[in-house]
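Printed here is work.tsv (TSV, N, CA, C and O atoms and all ligand atoms):
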```tsv
chain	number	residue	atom	x	y	z
A	1	VAL	N	-13.00	-5.74	-25.39
A	1	VAL	CA	-12.33	-6.21	-24.18
A	1	VAL	C	-11.34	-7.30	-24.56
A	1	VAL	O	-11.66	-8.20	-25.32
A	2	LYS	N	-10.14	-7.19	-24.00
A	2	LYS	CA	-9.15	-8.23	-24.23
A	2	LYS	C	-8.84	-8.89	-22.89
A	2	LYS	O	-8.55	-8.20	-21.90
A	3	VAL	N	-8.91	-10.21	-22.84
A	3	VAL	CA	-8.75	-10.94	-21.58
A	3	VAL	C	-7.40	-11.65	-21.57
A	3	VAL	O	-7.04	-12.33	-22.53
A	4	ILE	N	-6.66	-11.45	-20.50
A	4	ILE	CA	-5.34	-12.05	-20.37
A	4	ILE	C	-5.27	-12.78	-19.03
A	4	ILE	O	-5.69	-12.24	-18.00
A	5	VAL	N	-4.74	-13.99	-19.06
A	5	VAL	CA	-4.49	-14.73	-17.81
A	5	VAL	C	-2.98	-14.88	-17.64
A	5	VAL	O	-2.29	-15.31	-18.57
A	6	ASN	N	-2.50	-14.53	-16.48
A	6	ASN	CA	-1.08	-14.71	-16.17
A	6	ASN	C	-0.84	-16.17	-15.78
A	6	ASN	O	-1.27	-16.61	-14.72
A	7	PRO	N	-0.16	-16.93	-16.66
A	7	PRO	CA	0.02	-18.36	-16.39
A	7	PRO	C	0.91	-18.63	-15.18
A	7	PRO	O	0.86	-19.73	-14.61
A	8	GLU	N	1.71	-17.64	-14.79
A	8	GLU	CA	2.57	-17.82	-13.62
A	8	GLU	C	1.74	-17.83	-12.34
A	8	GLU	O	2.13	-18.44	-11.35
A	9	LEU	N	0.62	-17.12	-12.37
A	9	LEU	CA	-0.20	-16.98	-11.17
A	9	LEU	C	-1.33	-18.01	-11.12
A	9	LEU	O	-1.72	-18.46	-10.04
A	10	CYS	N	-1.88	-18.35	-12.27
A	10	CYS	CA	-3.08	-19.21	-12.31
A	10	CYS	C	-2.79	-20.55	-11.65
A	10	CYS	O	-1.80	-21.21	-11.94
A	11	GLU	N	-3.69	-20.95	-10.74
A	11	GLU	CA	-3.56	-22.24	-10.08
A	11	GLU	C	-4.64	-23.21	-10.52
A	11	GLU	O	-4.87	-24.24	-9.89
A	12	ALA	N	-5.34	-22.84	-11.59
A	12	ALA	CA	-6.29	-23.75	-12.25
A	12	ALA	C	-7.38	-24.28	-11.32
A	12	ALA	O	-7.81	-25.42	-11.44
A	13	HIS	N	-7.85	-23.42	-10.42
A	13	HIS	CA	-8.96	-23.84	-9.58
A	13	HIS	C	-10.29	-23.77	-10.32
A	13	HIS	O	-11.26	-24.40	-9.93
A	14	GLY	N	-10.34	-22.94	-11.35
A	14	GLY	CA	-11.50	-22.94	-12.22
A	14	GLY	C	-12.64	-22.02	-11.84
A	14	GLY	O	-13.71	-22.10	-12.42
A	15	GLU	N	-12.43	-21.14	-10.88
A	15	GLU	CA	-13.49	-20.20	-10.52
A	15	GLU	C	-13.91	-19.36	-11.73
A	15	GLU	O	-15.09	-19.05	-11.92
A	16	CYS	N	-12.95	-19.00	-12.56
A	16	CYS	CA	-13.26	-18.18	-13.73
A	16	CYS	C	-14.08	-18.96	-14.75
A	16	CYS	O	-14.91	-18.39	-15.46
A	17	VAL	N	-13.87	-20.27	-14.83
A	17	VAL	CA	-14.63	-21.10	-15.77
A	17	VAL	C	-16.09	-21.13	-15.34
A	17	VAL	O	-17.00	-21.09	-16.17
A	18	VAL	N	-16.32	-21.19	-14.03
A	18	VAL	CA	-17.68	-21.19	-13.53
A	18	VAL	C	-18.34	-19.84	-13.81
A	18	VAL	O	-19.49	-19.76	-14.23
A	19	ALA	N	-17.58	-18.77	-13.65
A	19	ALA	CA	-18.13	-17.42	-13.84
A	19	ALA	C	-18.40	-17.12	-15.30
A	19	ALA	O	-19.41	-16.50	-15.64
A	20	ALA	N	-17.50	-17.53	-16.18
A	20	ALA	CA	-17.62	-17.17	-17.60
A	20	ALA	C	-17.16	-18.34	-18.47
A	20	ALA	O	-16.08	-18.30	-19.06
A	21	PRO	N	-18.00	-19.37	-18.58
A	21	PRO	CA	-17.59	-20.58	-19.30
A	21	PRO	C	-17.36	-20.36	-20.79
A	21	PRO	O	-16.67	-21.16	-21.43
A	22	GLU	N	-17.92	-19.29	-21.35
A	22	GLU	CA	-17.69	-19.05	-22.78
A	22	GLU	C	-16.35	-18.37	-23.03
A	22	GLU	O	-15.91	-18.26	-24.17
A	23	VAL	N	-15.70	-17.94	-21.95
A	23	VAL	CA	-14.40	-17.25	-22.10
A	23	VAL	C	-13.24	-18.12	-21.62
A	23	VAL	O	-12.17	-18.11	-22.22
A	24	PHE	N	-13.49	-18.88	-20.54
A	24	PHE	CA	-12.41	-19.67	-19.94
A	24	PHE	C	-12.74	-21.16	-20.01
A	24	PHE	O	-13.92	-21.54	-19.88
A	25	ASP	N	-11.72	-21.97	-20.17
A	25	ASP	CA	-11.94	-23.41	-20.15
A	25	ASP	C	-10.76	-24.09	-19.47
A	25	ASP	O	-9.63	-23.60	-19.52
A	26	LEU	N	-11.05	-25.22	-18.86
A	26	LEU	CA	-10.03	-25.94	-18.11
A	26	LEU	C	-10.19	-27.43	-18.42
A	26	LEU	O	-11.23	-28.01	-18.12
A	27	GLY	N	-9.18	-28.01	-19.03
A	27	GLY	CA	-9.22	-29.45	-19.29
A	27	GLY	C	-8.73	-30.22	-18.07
A	27	GLY	O	-8.16	-29.64	-17.15
A	28	GLU	N	-8.97	-31.50	-18.07
A	28	GLU	CA	-8.59	-32.36	-16.94
A	28	GLU	C	-7.12	-32.21	-16.56
A	28	GLU	O	-6.78	-32.18	-15.40
A	29	ASP	N	-6.27	-32.11	-17.56
A	29	ASP	CA	-4.83	-32.12	-17.32
A	29	ASP	C	-4.19	-30.73	-17.38
A	29	ASP	O	-2.97	-30.61	-17.35
A	30	ASP	N	-5.02	-29.69	-17.50
A	30	ASP	CA	-4.46	-28.35	-17.64
A	30	ASP	C	-3.96	-27.82	-16.30
A	30	ASP	O	-4.64	-27.91	-15.28
A	31	ASP	N	-2.75	-27.24	-16.31
A	31	ASP	CA	-2.21	-26.58	-15.12
A	31	ASP	C	-2.60	-25.11	-15.09
A	31	ASP	O	-2.51	-24.46	-14.06
A	32	VAL	N	-2.96	-24.61	-16.26
A	32	VAL	CA	-3.31	-23.20	-16.42
A	32	VAL	C	-4.60	-23.14	-17.23
A	32	VAL	O	-4.80	-23.93	-18.15
A	33	VAL	N	-5.48	-22.22	-16.85
A	33	VAL	CA	-6.74	-22.10	-17.56
A	33	VAL	C	-6.50	-21.62	-19.00
A	33	VAL	O	-5.55	-20.88	-19.27
A	34	GLN	N	-7.33	-22.08	-19.90
A	34	GLN	CA	-7.24	-21.63	-21.29
A	34	GLN	C	-8.25	-20.50	-21.52
A	34	GLN	O	-9.40	-20.61	-21.10
A	35	VAL	N	-7.80	-19.46	-22.17
A	35	VAL	CA	-8.72	-18.40	-22.59
A	35	VAL	C	-9.22	-18.77	-23.98
A	35	VAL	O	-8.51	-18.63	-24.97
A	36	ILE	N	-10.44	-19.28	-24.04
A	36	ILE	CA	-10.95	-19.75	-25.33
A	36	ILE	C	-11.53	-18.61	-26.14
A	36	ILE	O	-11.65	-18.71	-27.35
A	37	ASP	N	-11.89	-17.52	-25.48
A	37	ASP	CA	-12.35	-16.35	-26.22
A	37	ASP	C	-11.63	-15.12	-25.66
A	37	ASP	O	-12.12	-14.46	-24.75
A	38	PRO	N	-10.43	-14.81	-26.18
A	38	PRO	CA	-9.64	-13.73	-25.61
A	38	PRO	C	-10.20	-12.33	-25.89
A	38	PRO	O	-9.75	-11.36	-25.28
A	39	ALA	N	-11.16	-12.25	-26.78
A	39	ALA	CA	-11.74	-10.93	-27.09
A	39	ALA	C	-13.26	-11.02	-27.08
A	39	ALA	O	-13.92	-10.85	-28.10
A	40	PRO	N	-13.84	-11.31	-25.90
A	40	PRO	CA	-15.29	-11.46	-25.83
A	40	PRO	C	-16.00	-10.13	-26.02
A	40	PRO	O	-15.43	-9.07	-25.75
A	41	GLY	N	-17.22	-10.19	-26.48
A	41	GLY	CA	-18.01	-8.98	-26.70
A	41	GLY	C	-18.41	-8.31	-25.40
A	41	GLY	O	-18.23	-8.86	-24.31
A	42	GLU	N	-18.95	-7.13	-25.54
A	42	GLU	CA	-19.34	-6.32	-24.38
A	42	GLU	C	-20.38	-7.06	-23.52
A	42	GLU	O	-20.44	-6.86	-22.32
A	43	GLN	N	-21.17	-7.93	-24.15
A	43	GLN	CA	-22.22	-8.65	-23.41
A	43	GLN	C	-21.63	-9.62	-22.39
A	43	GLN	O	-22.31	-10.01	-21.44
A	44	ALA	N	-20.36	-9.99	-22.57
A	44	ALA	CA	-19.72	-10.91	-21.63
A	44	ALA	C	-18.98	-10.17	-20.52
A	44	ALA	O	-18.43	-10.79	-19.61
A	45	ARG	N	-19.01	-8.86	-20.58
A	45	ARG	CA	-18.20	-8.06	-19.66
A	45	ARG	C	-18.49	-8.34	-18.19
A	45	ARG	O	-17.59	-8.48	-17.38
A	46	SER	N	-19.78	-8.43	-17.84
A	46	SER	CA	-20.10	-8.62	-16.43
A	46	SER	C	-19.62	-9.99	-15.94
A	46	SER	O	-19.19	-10.14	-14.79
A	47	LYS	N	-19.68	-11.00	-16.83
A	47	LYS	CA	-19.19	-12.32	-16.44
A	47	LYS	C	-17.67	-12.30	-16.27
A	47	LYS	O	-17.14	-12.94	-15.37
A	48	VAL	N	-17.00	-11.58	-17.16
A	48	VAL	CA	-15.54	-11.49	-17.05
A	48	VAL	C	-15.17	-10.74	-15.77
A	48	VAL	O	-14.25	-11.15	-15.05
A	49	ASP	N	-15.93	-9.68	-15.46
A	49	ASP	CA	-15.66	-8.94	-14.22
A	49	ASP	C	-15.86	-9.84	-13.00
A	49	ASP	O	-15.09	-9.77	-12.04
A	50	LEU	N	-16.88	-10.70	-13.06
A	50	LEU	CA	-17.11	-11.64	-11.97
A	50	LEU	C	-15.93	-12.61	-11.84
A	50	LEU	O	-15.46	-12.90	-10.74
A	51	ALA	N	-15.45	-13.10	-12.98
A	51	ALA	CA	-14.31	-14.01	-12.97
A	51	ALA	C	-13.09	-13.35	-12.33
A	51	ALA	O	-12.38	-13.97	-11.54
A	52	ILE	N	-12.88	-12.09	-12.67
A	52	ILE	CA	-11.75	-11.34	-12.09
A	52	ILE	C	-11.89	-11.28	-10.56
A	52	ILE	O	-10.92	-11.50	-9.84
A	53	ARG	N	-13.11	-11.03	-10.10
A	53	ARG	CA	-13.32	-10.91	-8.66
A	53	ARG	C	-13.18	-12.26	-7.95
A	53	ARG	O	-12.76	-12.33	-6.80
A	54	LEU	N	-13.56	-13.33	-8.64
A	54	LEU	CA	-13.53	-14.65	-8.01
A	54	LEU	C	-12.14	-15.28	-8.03
A	54	LEU	O	-11.85	-16.17	-7.23
A	55	CYS	N	-11.29	-14.85	-8.94
A	55	CYS	CA	-9.97	-15.48	-9.05
A	55	CYS	C	-9.17	-15.24	-7.78
A	55	CYS	O	-8.88	-14.09	-7.43
A	56	PRO	N	-8.81	-16.31	-7.05
A	56	PRO	CA	-8.15	-16.14	-5.75
A	56	PRO	C	-6.73	-15.61	-5.86
A	56	PRO	O	-6.19	-15.13	-4.87
A	57	VAL	N	-6.14	-15.70	-7.02
A	57	VAL	CA	-4.74	-15.27	-7.16
A	57	VAL	C	-4.60	-14.04	-8.06
A	57	VAL	O	-3.50	-13.66	-8.43
A	58	LEU	N	-5.72	-13.43	-8.43
A	58	LEU	CA	-5.71	-12.21	-9.24
A	58	LEU	C	-4.92	-12.38	-10.54
A	58	LEU	O	-4.13	-11.53	-10.92
A	59	ALA	N	-5.15	-13.51	-11.20
A	59	ALA	CA	-4.39	-13.82	-12.41
A	59	ALA	C	-5.02	-13.24	-13.68
A	59	ALA	O	-4.38	-13.25	-14.73
A	60	ILE	N	-6.26	-12.78	-13.58
A	60	ILE	CA	-6.97	-12.32	-14.79
A	60	ILE	C	-6.88	-10.80	-14.91
A	60	ILE	O	-7.13	-10.09	-13.94
A	61	GLN	N	-6.54	-10.36	-16.13
A	61	GLN	CA	-6.52	-8.94	-16.40
A	61	GLN	C	-7.32	-8.67	-17.66
A	61	GLN	O	-7.39	-9.52	-18.54
A	62	VAL	N	-7.89	-7.48	-17.77
A	62	VAL	CA	-8.54	-7.08	-19.02
A	62	VAL	C	-7.93	-5.78	-19.49
A	62	VAL	O	-7.50	-4.93	-18.70
A	63	GLU	N	-7.89	-5.66	-20.81
A	63	GLU	CA	-7.49	-4.40	-21.44
A	63	GLU	C	-8.65	-3.92	-22.27
A	63	GLU	O	-9.27	-4.70	-22.98
A	64	GLY	N	-8.91	-2.65	-22.20
A	64	GLY	CA	-9.96	-2.07	-23.04
A	64	GLY	C	-11.32	-2.12	-22.35
A	64	GLY	O	-11.45	-2.62	-21.26
A	101	LIG	S1	-9.89	-18.32	-11.30
A	101	LIG	FE1	-7.76	-17.58	-11.52
A	101	LIG	S2	-6.48	-19.21	-10.67
A	101	LIG	FE2	-8.52	-20.07	-11.03
A	101	LIG	S3	-8.39	-20.99	-13.07
A	101	LIG	FE3	-9.18	-18.91	-13.33
A	101	LIG	S4	-7.36	-17.64	-13.71
A	101	LIG	FE4	-6.66	-19.58	-12.87
```
Would you encode the structure as structure tokens?
Amino acid sequence: VKVIVNPELCEAHGECVVAAPEVFDLGEDDDVVQVIDPAPGEQARSKVDLAIRLCPVLAIQVEG
């Protein structure tokens, strides 16, 4: 799985960080979420799917 966040859309509310903290991270001063693990294993898939559903601006995409 490859995880991509569209920085134009992300509003850094952090819902994805709550859903999948091992994949997404948000620093105090970040305007856009950081993908700390852009290629998480299959075991993280359900968390990534949850992050996709929770993102209010549909900024998260997966490939594969
Ligand atoms: S949930 Fe969406 S808008 Fe919020 S930080 Fe994550 S990618 Fe950005």
Produce a table with one row for each residue of chain A that has an atom at most 4.5 Å from any atom of ligand LIG 101 (chain A), each row naming the nearest atom pair and its distance in Å at one decimal; use all atoms listed in the file; arrange rows by chain and rising residue number; format as a Markdown table.
```
| residue | atom | partner | partner_atom | distance |
| --- | --- | --- | --- | --- |
| A:Cys10 | CA | A:LIG101 | FE4 | 3.6 |
| A:Glu11 | N | A:LIG101 | S2 | 3.3 |
| A:Ala12 | CA | A:LIG101 | S3 | 3.6 |
| A:His13 | N | A:LIG101 | FE2 | 3.5 |
| A:Gly14 | N | A:LIG101 | S3 | 3.3 |
| A:Glu15 | N | A:LIG101 | S1 | 3.8 |
| A:Cys16 | N | A:LIG101 | S1 | 3.4 |
| A:Cys55 | CA | A:LIG101 | S1 | 3.6 |
```
Would you mind exporting N, CA, C and O atoms of the selected residues as a compact mmCIF listing (two decimals), keeping the file's coordinate frame?
```
# COMPACT_ATOMS: atom_id res chain seq x y z
N CYS A 10 -1.88 -18.35 -12.27
CA CYS A 10 -3.08 -19.21 -12.31
C CYS A 10 -2.79 -20.55 -11.65
O CYS A 10 -1.80 -21.21 -11.94
N GLU A 11 -3.69 -20.95 -10.74
CA GLU A 11 -3.56 -22.24 -10.08
C GLU A 11 -4.64 -23.21 -10.52
O GLU A 11 -4.87 -24.24 -9.89
N ALA A 12 -5.34 -22.84 -11.59
CA ALA A 12 -6.29 -23.75 -12.25
C ALA A 12 -7.38 -24.28 -11.32
O ALA A 12 -7.81 -25.42 -11.44
N HIS A 13 -7.85 -23.42 -10.42
CA HIS A 13 -8.96 -23.84 -9.58
C HIS A 13 -10.29 -23.77 -10.32
O HIS A 13 -11.26 -24.40 -9.93
N GLY A 14 -10.34 -22.94 -11.35
CA GLY A 14 -11.50 -22.94 -12.22
C GLY A 14 -12.64 -22.02 -11.84
O GLY A 14 -13.71 -22.10 -12.42
N GLU A 15 -12.43 -21.14 -10.88
CA GLU A 15 -13.49 -20.20 -10.52
C GLU A 15 -13.91 -19.36 -11.73
O GLU A 15 -15.09 -19.05 -11.92
N CYS A 16 -12.95 -19.00 -12.56
CA CYS A 16 -13.26 -18.18 -13.73
C CYS A 16 -14.08 -18.96 -14.75
O CYS A 16 -14.91 -18.39 -15.46
N CYS A 55 -11.29 -14.85 -8.94
CA CYS A 55 -9.97 -15.48 -9.05
C CYS A 55 -9.17 -15.24 -7.78
O CYS A 55 -8.88 -14.09 -7.43
```
As JSON, numbers by chain, please: every residue in region 5-64 of chain A that DSSP puts in strand (DSSP E or B).
{"A": [5, 24, 25, 34, 35, 60, 61, 62, 63]}
Point out the residue among A:Leu54, A:Leu9, A:Val1, A:Ile36 with the least atom-to-atom distance to Pro21 (chain A), counting only N, CA, C and O atoms.
A:Ile36
Between atom N of Glu8 (chain A) and CA of Asp29 (chain A), what is the distance in Å, rounded to a tenth?
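CA of Asp29 (chain A) lies 16.1 Å from atom N of Glu8 (chain A).
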I'd like the contact shell of Glu22 (chain A) - 8 Å cut-off, all atoms listed in the file, skipping same-chain residues fewer than 5 positions apart - returned as a list of chain:residue names.
A:Cys16, A:Val17, A:Gln34, A:Val35, A:Ile36, A:Asp37, A:Pro38, A:Pro40
Region 32-35 of chain A: axis-aligned bounding box, 6 Å on each side, centre and edge lengths in Å, one decimal, as AutoDock Vina command-line options:
```
--center_x -6.2 --center_y -21.5 --center_z -20.6 --size_x 18.4 --size_y 18.2 --size_z 20.7
```
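Those residues in chain A carrying a DSSP assignment of helix (DSSP H, G or I), computed from the backbone, are Glu15, Cys16, Val17, Val18, Ala19, Glu42, Gln43, Ala44, Arg45, Ser46, Lys47, Val48, Asp49, Leu50, Ala51, Ile52, Arg53 and Leu54 of chain A.
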Using the selection just defined, write its residues with N, CA, C and O atoms as a PDB file, keeping the file's coordinate frame.
```pdb
ATOM      1  N   GLU A  15     -12.430 -21.140 -10.880  1.00  0.00           N
ATOM      2  CA  GLU A  15     -13.490 -20.200 -10.520  1.00  0.00           C
ATOM      3  C   GLU A  15     -13.910 -19.360 -11.730  1.00  0.00           C
ATOM      4  O   GLU A  15     -15.090 -19.050 -11.920  1.00  0.00           O
ATOM      5  N   CYS A  16     -12.950 -19.000 -12.560  1.00  0.00           N
ATOM      6  CA  CYS A  16     -13.260 -18.180 -13.730  1.00  0.00           C
ATOM      7  C   CYS A  16     -14.080 -18.960 -14.750  1.00  0.00           C
ATOM      8  O   CYS A  16     -14.910 -18.390 -15.460  1.00  0.00           O
ATOM      9  N   VAL A  17     -13.870 -20.270 -14.830  1.00  0.00           N
ATOM     10  CA  VAL A  17     -14.630 -21.100 -15.770  1.00  0.00           C
ATOM     11  C   VAL A  17     -16.090 -21.130 -15.340  1.00  0.00           C
ATOM     12  O   VAL A  17     -17.000 -21.090 -16.170  1.00  0.00           O
ATOM     13  N   VAL A  18     -16.320 -21.190 -14.030  1.00  0.00           N
ATOM     14  CA  VAL A  18     -17.680 -21.190 -13.530  1.00  0.00           C
ATOM     15  C   VAL A  18     -18.340 -19.840 -13.810  1.00  0.00           C
ATOM     16  O   VAL A  18     -19.490 -19.760 -14.230  1.00  0.00           O
ATOM     17  N   ALA A  19     -17.580 -18.770 -13.650  1.00  0.00           N
ATOM     18  CA  ALA A  19     -18.130 -17.420 -13.840  1.00  0.00           C
ATOM     19  C   ALA A  19     -18.400 -17.120 -15.300  1.00  0.00           C
ATOM     20  O   ALA A  19     -19.410 -16.500 -15.640  1.00  0.00           O
ATOM     21  N   GLU A  42     -18.950  -7.130 -25.540  1.00  0.00           N
ATOM     22  CA  GLU A  42     -19.340  -6.320 -24.380  1.00  0.00           C
ATOM     23  C   GLU A  42     -20.380  -7.060 -23.520  1.00  0.00           C
ATOM     24  O   GLU A  42     -20.440  -6.860 -22.320  1.00  0.00           O
ATOM     25  N   GLN A  43     -21.170  -7.930 -24.150  1.00  0.00           N
ATOM     26  CA  GLN A  43     -22.220  -8.650 -23.410  1.00  0.00           C
ATOM     27  C   GLN A  43     -21.630  -9.620 -22.390  1.00  0.00           C
ATOM     28  O   GLN A  43     -22.310 -10.010 -21.440  1.00  0.00           O
ATOM     29  N   ALA A  44     -20.360  -9.990 -22.570  1.00  0.00           N
ATOM     30  CA  ALA A  44     -19.720 -10.910 -21.630  1.00  0.00           C
ATOM     31  C   ALA A  44     -18.980 -10.170 -20.520  1.00  0.00           C
ATOM     32  O   ALA A  44     -18.430 -10.790 -19.610  1.00  0.00           O
ATOM     33  N   ARG A  45     -19.010  -8.860 -20.580  1.00  0.00           N
ATOM     34  CA  ARG A  45     -18.200  -8.060 -19.660  1.00  0.00           C
ATOM     35  C   ARG A  45     -18.490  -8.340 -18.190  1.00  0.00           C
ATOM     36  O   ARG A  45     -17.590  -8.480 -17.380  1.00  0.00           O
ATOM     37  N   SER A  46     -19.780  -8.430 -17.840  1.00  0.00           N
ATOM     38  CA  SER A  46     -20.100  -8.620 -16.430  1.00  0.00           C
ATOM     39  C   SER A  46     -19.620  -9.990 -15.940  1.00  0.00           C
ATOM     40  O   SER A  46     -19.190 -10.140 -14.790  1.00  0.00           O
ATOM     41  N   LYS A  47     -19.680 -11.000 -16.830  1.00  0.00           N
ATOM     42  CA  LYS A  47     -19.190 -12.320 -16.440  1.00  0.00           C
ATOM     43  C   LYS A  47     -17.670 -12.300 -16.270  1.00  0.00           C
ATOM     44  O   LYS A  47     -17.140 -12.940 -15.370  1.00  0.00           O
ATOM     45  N   VAL A  48     -17.000 -11.580 -17.160  1.00  0.00           N
ATOM     46  CA  VAL A  48     -15.540 -11.490 -17.050  1.00  0.00           C
ATOM     47  C   VAL A  48     -15.170 -10.740 -15.770  1.00  0.00           C
ATOM     48  O   VAL A  48     -14.250 -11.150 -15.050  1.00  0.00           O
ATOM     49  N   ASP A  49     -15.930  -9.680 -15.460  1.00  0.00           N
ATOM     50  CA  ASP A  49     -15.660  -8.940 -14.220  1.00  0.00           C
ATOM     51  C   ASP A  49     -15.860  -9.840 -13.000  1.00  0.00           C
ATOM     52  O   ASP A  49     -15.090  -9.770 -12.040  1.00  0.00           O
ATOM     53  N   LEU A  50     -16.880 -10.700 -13.060  1.00  0.00           N
ATOM     54  CA  LEU A  50     -17.110 -11.640 -11.970  1.00  0.00           C
ATOM     55  C   LEU A  50     -15.930 -12.610 -11.840  1.00  0.00           C
ATOM     56  O   LEU A  50     -15.460 -12.900 -10.740  1.00  0.00           O
ATOM     57  N   ALA A  51     -15.450 -13.100 -12.980  1.00  0.00           N
ATOM     58  CA  ALA A  51     -14.310 -14.010 -12.970  1.00  0.00           C
ATOM     59  C   ALA A  51     -13.090 -13.350 -12.330  1.00  0.00           C
ATOM     60  O   ALA A  51     -12.380 -13.970 -11.540  1.00  0.00           O
ATOM     61  N   ILE A  52     -12.880 -12.090 -12.670  1.00  0.00           N
ATOM     62  CA  ILE A  52     -11.750 -11.340 -12.090  1.00  0.00           C
ATOM     63  C   ILE A  52     -11.890 -11.280 -10.560  1.00  0.00           C
ATOM     64  O   ILE A  52     -10.920 -11.500  -9.840  1.00  0.00           O
ATOM     65  N   ARG A  53     -13.110 -11.030 -10.100  1.00  0.00           N
ATOM     66  CA  ARG A  53     -13.320 -10.910  -8.660  1.00  0.00           C
ATOM     67  C   ARG A  53     -13.180 -12.260  -7.950  1.00  0.00           C
ATOM     68  O   ARG A  53     -12.760 -12.330  -6.800  1.00  0.00           O
ATOM     69  N   LEU A  54     -13.560 -13.330  -8.640  1.00  0.00           N
ATOM     70  CA  LEU A  54     -13.530 -14.650  -8.010  1.00  0.00           C
ATOM     71  C   LEU A  54     -12.140 -15.280  -8.030  1.00  0.00           C
ATOM     72  O   LEU A  54     -11.850 -16.170  -7.230  1.00  0.00           O
TER      73      LEU A  54
END
```
Interatomic distance, atom O of Ile4 (chain A) to atom O of Ile60 (chain A) (Å, one decimal)
4.8 Å
Looking at only N, CA, C and O atoms, which of A:Leu50, A:Lys2, A:Ala39, A:Val32 is the one that sits closest to Val18 (chain A)?
A:Leu50
Using only C-alpha atoms, which of A:Asp25, A:Gly41, A:Ala19, A:Val33 sits nearest Arg53 (chain A)?
A:Ala19
A:Ala20, A:Ala59, A:Val5, A:Leu26 ranked by distance to Ala44 (chain A), top pick (using all atoms listed in the file)
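Counting all atoms listed in the file, the residue closest to Ala44 (chain A) is A:Ala20.
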